[in-house]
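work-v9.cif (mmCIF, C-alpha atoms and all ligand atoms) appears below.
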```cif
data_structure
loop_
_atom_site.label_atom_id
_atom_site.label_comp_id
_atom_site.auth_asym_id
_atom_site.auth_seq_id
_atom_site.Cartn_x
_atom_site.Cartn_y
_atom_site.Cartn_z
CA MET A 1 4.89 -29.74 33.34
CA THR A 2 4.06 -26.16 32.43
CA SER A 3 4.04 -25.32 28.76
CA LYS A 4 6.53 -22.74 27.69
CA GLU A 5 5.50 -19.09 27.58
CA PRO A 6 5.72 -17.56 24.12
CA GLN A 7 8.69 -15.23 23.65
CA ARG A 8 9.02 -12.17 21.44
CA TYR A 9 11.17 -12.41 18.32
CA GLU A 10 11.83 -9.62 15.87
CA GLN A 11 13.53 -9.31 12.51
CA THR A 12 13.90 -6.54 9.93
CA PHE A 13 14.37 -6.84 6.15
CA PHE A 14 15.28 -4.23 3.57
CA ASP A 15 14.85 -6.21 0.38
CA VAL A 16 11.09 -6.41 -0.27
CA PHE A 17 8.70 -3.83 -1.73
CA ASP A 18 11.40 -1.14 -1.65
CA THR A 19 10.77 -0.47 2.00
CA VAL A 20 11.69 -1.54 5.51
CA THR A 21 9.82 -4.62 6.70
CA THR A 22 9.74 -5.60 10.35
CA ILE A 23 8.25 -8.81 11.69
CA VAL A 24 7.42 -9.27 15.36
CA ILE A 25 6.25 -12.72 16.32
CA TYR A 26 5.56 -14.52 19.58
CA ASP A 27 6.48 -18.17 19.52
CA THR A 28 7.28 -20.84 22.08
CA SER A 29 10.71 -21.53 20.60
CA GLU A 30 13.32 -19.65 18.64
CA ARG A 31 13.28 -22.45 16.11
CA ALA A 32 9.54 -22.03 15.47
CA ALA A 33 9.86 -18.26 15.30
CA SER A 34 12.71 -18.29 12.83
CA ALA A 35 10.92 -20.84 10.63
CA HIS A 36 7.84 -18.62 10.53
CA ILE A 37 9.85 -15.48 9.86
CA LYS A 38 11.77 -17.27 7.14
CA GLU A 39 8.58 -18.38 5.44
CA ALA A 40 6.99 -14.92 5.67
CA HIS A 41 10.09 -13.37 4.15
CA ALA A 42 10.22 -15.97 1.36
CA LEU A 43 6.56 -15.34 0.51
CA LEU A 44 7.01 -11.56 0.56
CA THR A 45 9.94 -11.99 -1.82
CA GLU A 46 7.79 -14.05 -4.21
CA TYR A 47 5.00 -11.45 -4.16
CA HIS A 48 7.51 -8.65 -4.60
CA GLN A 49 8.90 -10.30 -7.74
CA LEU A 50 5.48 -11.13 -9.17
CA TYR A 51 4.17 -7.58 -8.65
CA ASP A 52 7.39 -5.78 -9.62
CA ILE A 53 6.76 -3.36 -12.51
CA TYR A 54 10.39 -2.21 -12.71
CA HIS A 55 12.40 -5.41 -13.12
CA ALA A 56 12.32 -8.66 -15.04
CA TYR A 57 13.36 -11.90 -13.35
CA SER A 58 14.61 -14.80 -15.37
CA GLY A 59 12.07 -17.56 -15.78
CA LEU A 60 9.24 -15.42 -14.38
CA ASN A 61 6.38 -13.63 -16.10
CA ASN A 62 5.61 -10.73 -13.79
CA LEU A 63 3.85 -7.37 -14.11
CA TYR A 64 6.94 -5.96 -15.82
CA THR A 65 6.49 -8.64 -18.49
CA VAL A 66 2.79 -7.80 -18.79
CA ASN A 67 3.55 -4.08 -19.25
CA GLU A 68 6.17 -4.90 -21.89
CA SER A 69 3.57 -6.93 -23.77
CA ALA A 70 0.87 -4.23 -23.77
CA GLY A 71 -1.14 -4.26 -26.98
CA ILE A 72 0.88 -7.20 -28.27
CA VAL A 73 0.00 -10.44 -26.54
CA PRO A 74 -1.69 -11.88 -23.44
CA VAL A 75 0.86 -13.12 -20.92
CA ALA A 76 0.52 -16.37 -18.98
CA VAL A 77 1.00 -15.40 -15.35
CA ASP A 78 0.91 -16.85 -11.86
CA GLU A 79 -2.60 -16.90 -10.41
CA ARG A 80 -1.47 -14.49 -7.69
CA ILE A 81 -1.03 -11.79 -10.34
CA LEU A 82 -4.56 -12.34 -11.63
CA ASP A 83 -5.85 -12.24 -8.04
CA LEU A 84 -4.12 -8.92 -7.34
CA VAL A 85 -5.33 -7.33 -10.56
CA ALA A 86 -8.90 -8.56 -10.01
CA PHE A 87 -8.74 -7.07 -6.52
CA ALA A 88 -7.36 -3.79 -7.87
CA LYS A 89 -10.21 -3.60 -10.39
CA ASP A 90 -12.74 -4.06 -7.59
CA MET A 91 -10.99 -1.31 -5.64
CA ASP A 92 -11.16 0.98 -8.65
CA THR A 93 -14.93 0.50 -8.64
CA LEU A 94 -15.18 0.93 -4.86
CA THR A 95 -13.19 4.17 -4.90
CA ASN A 96 -15.09 5.49 -7.90
CA GLY A 97 -11.94 5.46 -10.03
CA ARG A 98 -9.78 7.35 -7.53
CA MET A 99 -7.44 4.38 -7.11
CA ASN A 100 -6.74 3.34 -10.67
CA VAL A 101 -3.88 0.92 -11.39
CA ALA A 102 -4.29 1.52 -15.14
CA MET A 103 -2.90 5.01 -14.64
CA GLY A 104 0.71 3.82 -14.88
CA GLY A 105 1.54 6.21 -17.73
CA VAL A 106 0.57 9.28 -15.73
CA LEU A 107 2.26 7.98 -12.59
CA THR A 108 5.51 7.23 -14.43
CA ILE A 109 5.68 10.79 -15.77
CA TRP A 110 5.28 12.14 -12.25
CA ALA A 111 7.83 9.67 -10.88
CA ASP A 112 10.36 10.67 -13.58
CA TYR A 113 9.93 14.40 -12.97
CA ARG A 114 10.09 13.82 -9.22
CA GLN A 115 13.32 11.85 -9.52
CA ALA A 116 14.85 14.46 -11.85
CA GLY A 117 13.80 17.19 -9.41
CA LEU A 118 15.34 15.36 -6.47
CA ASP A 119 18.57 14.72 -8.39
CA ASP A 120 18.86 18.36 -9.53
CA SER A 121 16.71 20.52 -7.29
CA ASP A 122 17.67 23.82 -8.99
CA ASN A 123 16.02 22.63 -12.17
CA ALA A 124 13.04 20.84 -10.62
CA ALA A 125 10.02 21.18 -12.88
CA LEU A 126 6.42 20.08 -13.14
CA PRO A 127 5.41 17.71 -15.92
CA PRO A 128 3.66 19.54 -18.79
CA MET A 129 -0.11 19.06 -18.55
CA GLU A 130 -0.23 18.11 -22.23
CA LEU A 131 2.07 15.17 -21.56
CA LEU A 132 -0.06 14.06 -18.59
CA GLU A 133 -3.25 14.36 -20.62
CA GLN A 134 -1.82 12.24 -23.41
CA ALA A 135 -0.88 9.53 -20.91
CA ALA A 136 -4.30 9.76 -19.26
CA GLU A 137 -5.89 8.70 -22.53
CA HIS A 138 -4.36 5.29 -21.90
CA ALA A 139 -5.66 4.60 -18.41
CA ASN A 140 -8.90 2.72 -18.95
CA ILE A 141 -9.18 -0.01 -16.32
CA ASP A 142 -11.36 -2.09 -18.70
CA ASP A 143 -8.36 -2.44 -21.00
CA ILE A 144 -6.78 -4.68 -18.37
CA VAL A 145 -8.14 -8.05 -19.41
CA ILE A 146 -8.06 -11.03 -17.07
CA ASP A 147 -8.65 -14.43 -18.64
CA ARG A 148 -9.00 -16.90 -15.78
CA ALA A 149 -9.56 -19.90 -18.05
CA ALA A 150 -6.42 -19.19 -20.06
CA GLY A 151 -4.52 -17.94 -17.01
CA THR A 152 -3.46 -14.80 -18.83
CA LEU A 153 -3.35 -11.06 -18.36
CA TYR A 154 -3.58 -8.75 -21.35
CA LEU A 155 -3.33 -4.99 -21.70
CA ALA A 156 -5.60 -4.23 -24.65
CA ASP A 157 -4.15 -0.72 -25.09
CA ALA A 158 -0.54 -0.56 -26.26
CA GLY A 159 -0.15 2.78 -24.50
CA LEU A 160 -1.32 1.49 -21.13
CA HIS A 161 0.81 0.14 -18.35
CA VAL A 162 -0.15 -0.86 -14.86
CA ASP A 163 1.27 0.61 -11.65
CA VAL A 164 0.21 -1.36 -8.60
CA GLY A 165 2.17 0.77 -6.11
CA ALA A 166 -1.04 1.81 -4.36
CA VAL A 167 -2.24 -1.67 -3.55
CA ALA A 168 0.31 -4.46 -4.10
CA LYS A 169 2.15 -4.14 -0.81
CA GLY A 170 -1.01 -4.26 1.30
CA TYR A 171 -2.48 -7.07 -0.78
CA ALA A 172 0.73 -9.13 -0.50
CA VAL A 173 0.98 -8.52 3.24
CA GLN A 174 -2.59 -9.78 3.65
CA GLN A 175 -1.88 -12.96 1.67
CA VAL A 176 1.27 -13.65 3.69
CA MET A 177 -0.58 -13.17 6.98
CA GLU A 178 -3.33 -15.56 5.83
CA GLN A 179 -0.66 -18.18 5.26
CA MET A 180 0.89 -17.49 8.67
CA LYS A 181 -2.52 -18.06 10.26
CA ARG A 182 -2.88 -21.35 8.40
CA ASP A 183 0.54 -22.28 9.79
CA GLY A 184 -0.79 -21.81 13.30
CA VAL A 185 0.68 -18.39 14.11
CA THR A 186 -1.54 -16.63 16.64
CA SER A 187 0.44 -13.51 17.53
CA MET A 188 2.34 -11.57 14.87
CA LEU A 189 2.81 -8.05 13.58
CA LEU A 190 4.13 -7.36 10.10
CA SER A 191 5.04 -3.82 9.18
CA ALA A 192 6.02 -3.02 5.59
CA GLY A 193 6.57 0.69 5.18
CA GLY A 194 3.39 2.41 6.28
CA ASN A 195 1.49 -0.83 6.07
CA VAL A 196 1.00 -2.65 9.39
CA CYS A 197 -0.93 -5.91 9.76
CA ALA A 198 -1.56 -7.95 12.88
CA ILE A 199 -2.52 -11.49 13.73
CA GLY A 200 -4.33 -11.49 17.07
CA THR A 201 -3.00 -9.56 20.02
CA ARG A 202 0.13 -9.99 22.09
CA PRO A 203 0.03 -13.29 24.05
CA ASP A 204 -0.90 -11.50 27.30
CA GLY A 205 -4.06 -10.31 25.56
CA THR A 206 -2.97 -6.68 25.22
CA ASN A 207 -3.48 -5.01 21.86
CA TRP A 208 -0.67 -4.18 19.51
CA LYS A 209 0.11 -0.47 19.61
CA VAL A 210 0.60 1.08 16.20
CA GLY A 211 1.52 4.72 15.71
CA ILE A 212 0.10 7.19 13.23
CA GLN A 213 2.76 9.68 12.24
CA ASP A 214 2.37 13.41 12.66
CA PRO A 215 2.70 14.67 9.05
CA TYR A 216 4.52 17.78 10.26
CA SER A 217 6.87 16.85 13.09
CA GLY A 218 7.91 13.35 12.11
CA GLY A 219 6.81 12.20 15.58
CA TYR A 220 3.60 10.36 16.36
CA LEU A 221 0.11 11.77 16.62
CA LYS A 222 -1.99 8.78 17.61
CA VAL A 223 -1.56 5.32 19.01
CA VAL A 224 -4.00 2.79 17.57
CA ASN A 225 -4.93 -0.37 19.46
CA VAL A 226 -4.84 -3.20 17.00
CA ASP A 227 -6.28 -6.69 17.42
CA GLY A 228 -6.04 -8.72 14.21
CA GLN A 229 -6.46 -5.69 11.98
CA SER A 230 -4.39 -3.65 9.57
CA LEU A 231 -3.53 0.00 9.89
CA VAL A 232 -2.32 1.68 6.72
CA THR A 233 -1.34 5.31 6.34
CA SER A 234 -0.59 7.26 3.18
CA GLY A 235 1.03 10.63 3.66
CA THR A 236 2.25 13.52 1.54
CA TYR A 237 5.49 13.47 3.55
CA GLU A 238 6.43 9.98 2.32
CA ARG A 239 7.55 10.88 -1.20
CA TYR A 240 7.62 14.35 -2.71
CA TYR A 241 9.76 16.94 -4.43
CA THR A 242 9.77 20.70 -4.42
CA VAL A 243 9.22 23.04 -7.37
CA ASP A 244 9.43 26.79 -6.81
CA GLY A 245 8.95 26.33 -3.08
CA VAL A 246 5.87 24.11 -3.40
CA ASP A 247 5.91 20.41 -2.44
CA TYR A 248 4.42 17.91 -4.89
CA HIS A 249 3.75 14.47 -3.43
CA HIS A 250 3.22 11.04 -4.95
CA ILE A 251 -0.55 10.41 -4.86
CA ILE A 252 -2.11 11.65 -8.07
CA ASP A 253 -5.75 12.68 -8.41
CA PRO A 254 -7.07 11.02 -11.58
CA ALA A 255 -9.46 13.95 -12.07
CA THR A 256 -6.78 16.66 -12.17
CA LEU A 257 -3.68 14.54 -12.99
CA MET A 258 -1.98 16.56 -10.24
CA PRO A 259 -1.05 15.54 -6.68
CA SER A 260 -4.25 15.33 -4.62
CA THR A 261 -4.76 18.48 -2.60
CA HIS A 262 -7.23 17.44 0.09
CA TYR A 263 -5.10 15.98 2.89
CA ASP A 264 -1.65 15.53 4.41
CA SER A 265 -2.40 11.98 5.50
CA VAL A 266 -5.14 9.38 5.45
CA SER A 267 -5.14 6.27 7.65
CA VAL A 268 -7.41 3.27 7.37
CA LEU A 269 -8.00 0.58 10.00
CA THR A 270 -9.68 -2.64 8.91
CA VAL A 271 -9.17 -6.40 8.90
CA ASP A 272 -7.91 -6.58 5.30
CA SER A 273 -4.54 -5.01 4.57
CA GLY A 274 -5.20 -4.90 0.81
CA LEU A 275 -8.45 -3.04 1.34
CA ALA A 276 -6.75 -0.66 3.75
CA ASP A 277 -3.95 0.08 1.27
CA ALA A 278 -6.29 0.63 -1.68
CA LEU A 279 -8.61 2.78 0.39
CA THR A 280 -5.91 5.10 1.74
CA THR A 281 -4.86 5.92 -1.79
CA GLY A 282 -8.44 6.25 -3.07
CA LEU A 283 -9.60 8.38 -0.14
CA PHE A 284 -6.70 10.75 -0.72
CA SER A 285 -8.38 12.07 -3.87
CA MET A 286 -11.90 12.19 -2.43
CA PRO A 287 -13.52 15.21 -0.80
CA LEU A 288 -14.07 14.55 2.90
CA GLU A 289 -17.83 14.21 2.67
CA GLU A 290 -17.61 11.60 -0.06
CA GLY A 291 -14.76 9.72 1.64
CA MET A 292 -16.58 9.71 4.96
CA ALA A 293 -19.74 8.37 3.31
CA LEU A 294 -17.71 5.59 1.69
CA VAL A 295 -15.97 4.60 4.94
CA GLU A 296 -19.22 4.69 6.92
CA SER A 297 -20.85 2.46 4.30
CA LEU A 298 -18.22 -0.25 4.80
CA ASP A 299 -18.48 -2.68 7.72
CA GLY A 300 -15.46 -2.76 10.02
CA VAL A 301 -13.61 0.07 8.27
CA GLU A 302 -12.45 3.16 10.17
CA ALA A 303 -10.37 6.07 8.96
CA LEU A 304 -8.60 9.21 10.08
CA TRP A 305 -8.10 12.14 7.71
CA ILE A 306 -5.60 14.89 8.44
CA SER A 307 -6.20 18.06 6.44
CA HIS A 308 -3.59 20.69 5.55
CA ASN A 309 -4.29 22.81 8.60
CA GLY A 310 -3.66 19.77 10.80
CA MET A 311 -7.36 19.23 11.42
CA GLN A 312 -8.11 15.60 12.27
CA THR A 313 -11.37 14.03 11.15
CA PRO A 314 -12.06 10.51 12.43
CA SER A 315 -14.79 8.20 11.15
CA SER A 316 -17.49 7.41 13.67
CA GLY A 317 -15.81 4.35 15.18
CA PHE A 318 -12.17 5.38 14.87
CA SER A 319 -11.72 7.02 18.24
CA ALA A 320 -12.66 3.82 20.08
CA PHE A 321 -9.35 2.35 18.83
CA ALA A 322 -7.07 5.36 19.23
CA THR A 323 -5.46 7.48 21.90
CA ASN A 324 -3.31 10.57 21.57
CA TYR A 325 0.38 9.86 21.51
CA GLU A 326 2.13 11.00 24.67
CA ASN A 327 5.88 11.30 24.61
P1 LIG B 401 3.00 4.23 -0.34
O1 LIG B 401 3.43 3.43 -1.51
O2 LIG B 401 3.83 5.45 -0.13
O3 LIG B 401 2.81 3.43 0.89
P2 LIG B 401 0.28 4.46 -1.40
O4 LIG B 401 -0.25 3.16 -0.98
O5 LIG B 401 -0.65 5.59 -1.23
O6 LIG B 401 1.59 4.87 -0.62
O7 LIG B 401 0.68 4.33 -2.91
C1 LIG B 401 1.26 5.38 -3.61
C2 LIG B 401 1.71 4.86 -4.95
O8 LIG B 401 0.56 4.48 -5.70
C3 LIG B 401 2.40 5.91 -5.79
O9 LIG B 401 3.78 5.89 -5.63
C4 LIG B 401 1.99 5.51 -7.20
O10 LIG B 401 2.83 4.50 -7.68
C5 LIG B 401 0.63 4.94 -7.02
N1 LIG B 401 -0.48 5.93 -7.17
C6 LIG B 401 -0.48 7.26 -6.92
N2 LIG B 401 -1.69 7.80 -7.14
C7 LIG B 401 -2.49 6.78 -7.55
C8 LIG B 401 -3.86 6.68 -7.94
N3 LIG B 401 -4.68 7.74 -7.93
N4 LIG B 401 -4.32 5.46 -8.31
C9 LIG B 401 -3.50 4.37 -8.31
N5 LIG B 401 -2.22 4.41 -7.96
C10 LIG B 401 -1.71 5.58 -7.57
MG MG B 402 -2.27 2.60 -0.87
#
```
Rewrite the structure from the file as structure tokens, please.
Ligand code: ADP
Ligand code: MG
Amino acid sequence: MTSKEPQRYEQTFFDVFDTVTTIVIYDTSERAASAHIKEAHALLTEYHQLYDIYHAYSGLNNLYTVNESAGIVPVAVDERILDLVAFAKDMDTLTNGRMNVAMGGVLTIWADYRQAGLDDSDNAALPPMELLEQAAEHANIDDIVIDRAAGTLYLADAGLHVDVGAVAKGYAVQQVMEQMKRDGVTSMLLSAGGNVCAIGTRPDGTNWKVGIQDPYSGGYLKVVNVDGQSLVTSGTYERYYTVDGVDYHHIIDPATLMPSTHYDSVSVLTVDSGLADALTTGLFSMPLEEGMALVESLDGVEALWISHNGMQTPSSGFSAFATNYEN
């Protein structure tokens, strides 16, 4: 009796983290594959609801609830919310405040002006700096108070709200993949928007091939060989609006309160999808020298920066994983 060769199964979802999620999994039976995909999707849905800052769900205290209770009362939340916020605080420290989830006020102003500008492009406008500066006074990460013993999260500043858009998707993907590994999955790729995470390689031992987009053409620039890692890319082309002929994208530099001006995209390759997600956003607002020093100081982390003139700067170990995309 020969044991069955694993087959490739693929499924796409549109209902988690406001993006397209694709799961590729190799399993020995369709039944096993669909059970694994079903569980991954169910877990992603739970994380999505817990980390949602835009919607309330009946019977659930999520980050929307926490934001609504800012300055009023600590909220009893699922441990997975405390874990995400603790992780985000660590990432704030690691990125020297460049990735700051307490900056929700500033980010909401930008998101509102962006949406208005997209809806009515003739009247697209920039948010007044005074408004941004007022919001920035309520962005102190220390005002996000985690009480593990009580199981609560409290925003100690009534004017603060959290925006976990820079880190929640990657963090959730990582947690889901950990569960898949515990369930015995050995070959899987989960892609949620620009956030790709792998378990192992393909069953024949070949690496997963993950593309890095060309910020200008919409095609691919690089192919990255992935074995059990995550590749996350943040790009100016993902979300932006145009004011007086200038594009304003969605990653905001906490120092200037304006869209970060250093790069057109930043990609990070490492084993932890949450780290990769947080780092791409943080690196976006860091000068190259500082970002490079940070990446080089971290074990098993590689990055690729693409500057406005299209110049590509890889970290020292990046090129070992990447080839140019040939079409
Ligand atoms: P994407 O969500 O497009 O994959 P990112 O991971 O870079 O890309 O996250 C961008 C989102 O993070 C923004 O839409 C916003 O909600 C939030 N954000 C933008 N700038 C910052 C920042 N400096 N610190 C924390 N969050 C940010
Ligand atoms: Mg990010």
Using all atoms listed in the file, can you tell me which of A:Gly205, A:Gly159, A:Gly282, A:Gly59 comes closest to Val106 of chain A?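 Checking each candidate against Val106 of chain A, we get A:Gly159 as the closest.
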Nearby residues, ligand LIG 401 (chain B), 8 Å, all atoms listed in the file, as a short mmCIF file (atom, residue, chain, number, x, y, z; two decimals) with C-alpha atoms, in the frame of the given file:
```cif
data_model
loop_
_atom_site.label_atom_id
_atom_site.label_comp_id
_atom_site.auth_asym_id
_atom_site.auth_seq_id
_atom_site.Cartn_x
_atom_site.Cartn_y
_atom_site.Cartn_z
CA GLY A 97 -11.94 5.46 -10.03
CA ARG A 98 -9.78 7.35 -7.53
CA MET A 99 -7.44 4.38 -7.11
CA ASN A 100 -6.74 3.34 -10.67
CA VAL A 101 -3.88 0.92 -11.39
CA ALA A 102 -4.29 1.52 -15.14
CA MET A 103 -2.90 5.01 -14.64
CA GLY A 104 0.71 3.82 -14.88
CA LEU A 107 2.26 7.98 -12.59
CA THR A 108 5.51 7.23 -14.43
CA ALA A 111 7.83 9.67 -10.88
CA ASP A 163 1.27 0.61 -11.65
CA VAL A 164 0.21 -1.36 -8.60
CA GLY A 165 2.17 0.77 -6.11
CA ALA A 166 -1.04 1.81 -4.36
CA VAL A 167 -2.24 -1.67 -3.55
CA LYS A 169 2.15 -4.14 -0.81
CA GLY A 170 -1.01 -4.26 1.30
CA GLY A 193 6.57 0.69 5.18
CA GLY A 194 3.39 2.41 6.28
CA ASN A 195 1.49 -0.83 6.07
CA VAL A 232 -2.32 1.68 6.72
CA THR A 233 -1.34 5.31 6.34
CA SER A 234 -0.59 7.26 3.18
CA GLY A 235 1.03 10.63 3.66
CA GLU A 238 6.43 9.98 2.32
CA ARG A 239 7.55 10.88 -1.20
CA HIS A 250 3.22 11.04 -4.95
CA ILE A 251 -0.55 10.41 -4.86
CA ILE A 252 -2.11 11.65 -8.07
CA ASP A 253 -5.75 12.68 -8.41
CA PRO A 254 -7.07 11.02 -11.58
CA PRO A 259 -1.05 15.54 -6.68
CA ASP A 277 -3.95 0.08 1.27
CA ALA A 278 -6.29 0.63 -1.68
CA THR A 280 -5.91 5.10 1.74
CA THR A 281 -4.86 5.92 -1.79
CA GLY A 282 -8.44 6.25 -3.07
CA PHE A 284 -6.70 10.75 -0.72
CA SER A 285 -8.38 12.07 -3.87
#
```
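For the set A:Ser191, A:Gln115, A:Asn62, A:Ser260, the residue with the smallest atom-to-atom gap to Val24 of chain A is A:Ser191, counting all atoms listed in the file.
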Taking 5 positions as the minimum chain separation for residues in the same chain, which residues sit within 8 Å of segment 12-23 of chain A when counting all atoms listed in the file? Answer as a ChimeraX atom specification. /A:37,44-45,48,169,188-193
Can you tell me which residues surround segment 147-151 of chain A at a distance of at most 10 Å, considering all atoms listed in the file, apart from same-chain residues fewer than 6 positions away, and format the answer as number ranges by chain? A: 74-79, 81-83
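With distances restricted to all atoms listed in the file, A:Val223 is the closest residue to Asn327 of chain A from A:Glu10, A:His138, A:Val223, A:Gly310.
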What does the distance from atom CA of Val162 of chain A to atom CA of Phe87 of chain A come to in Å, to one decimal? 13.5 Å
Residue nearest Glu137 of chain A among A:Ala172, A:Val246, A:Leu257, A:Asn324 (counting all atoms listed in the file): A:Leu257
My list of candidates is A:Val226, A:Ala276, A:Ala88, A:Leu221. Which is closest to ligand MG 402 (chain B) when distances are computed with all atoms listed in the file?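 Closest candidate: A:Ala276.
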Selected residue of minimal separation from Ala293 of chain A among A:Leu132, A:Leu94, A:Met258, A:Ala70, counting only C-alpha atoms: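 For Ala293 of chain A, the nearest of the given residues is A:Leu94.
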Find the residues near Tyr9 of chain A: any atom within 7 Å, counting only C-alpha atoms, skip ones fewer than 3 places away on the same chain, and give them as number ranges by chain. A: 24-26, 33
Rounded to one decimal place, report the atom CA of His36 of chain A-atom CA of Leu279 of chain A distance in Å.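 So the answer is 28.8 Å.
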Quick one: pull the distance between atom CA of Glu46 of chain A and atom CA of Thr28 of chain A, Å, one decimal. 27.2 Å
Polymer residues at most 12 Å from Gln312 of chain A, all atoms listed in the file, same-chain spacing of 2 or more positions, as a ChimeraX atom specification: /A:212,214-215,221-222,263-267,288,303-310,314-315,318-319,324
7 Å contact set for Val224 of chain A, all atoms listed in the file, chain neighbours under 5 positions out, as an MDAnalysis selection string: chainID A and resid 209:211 321:323
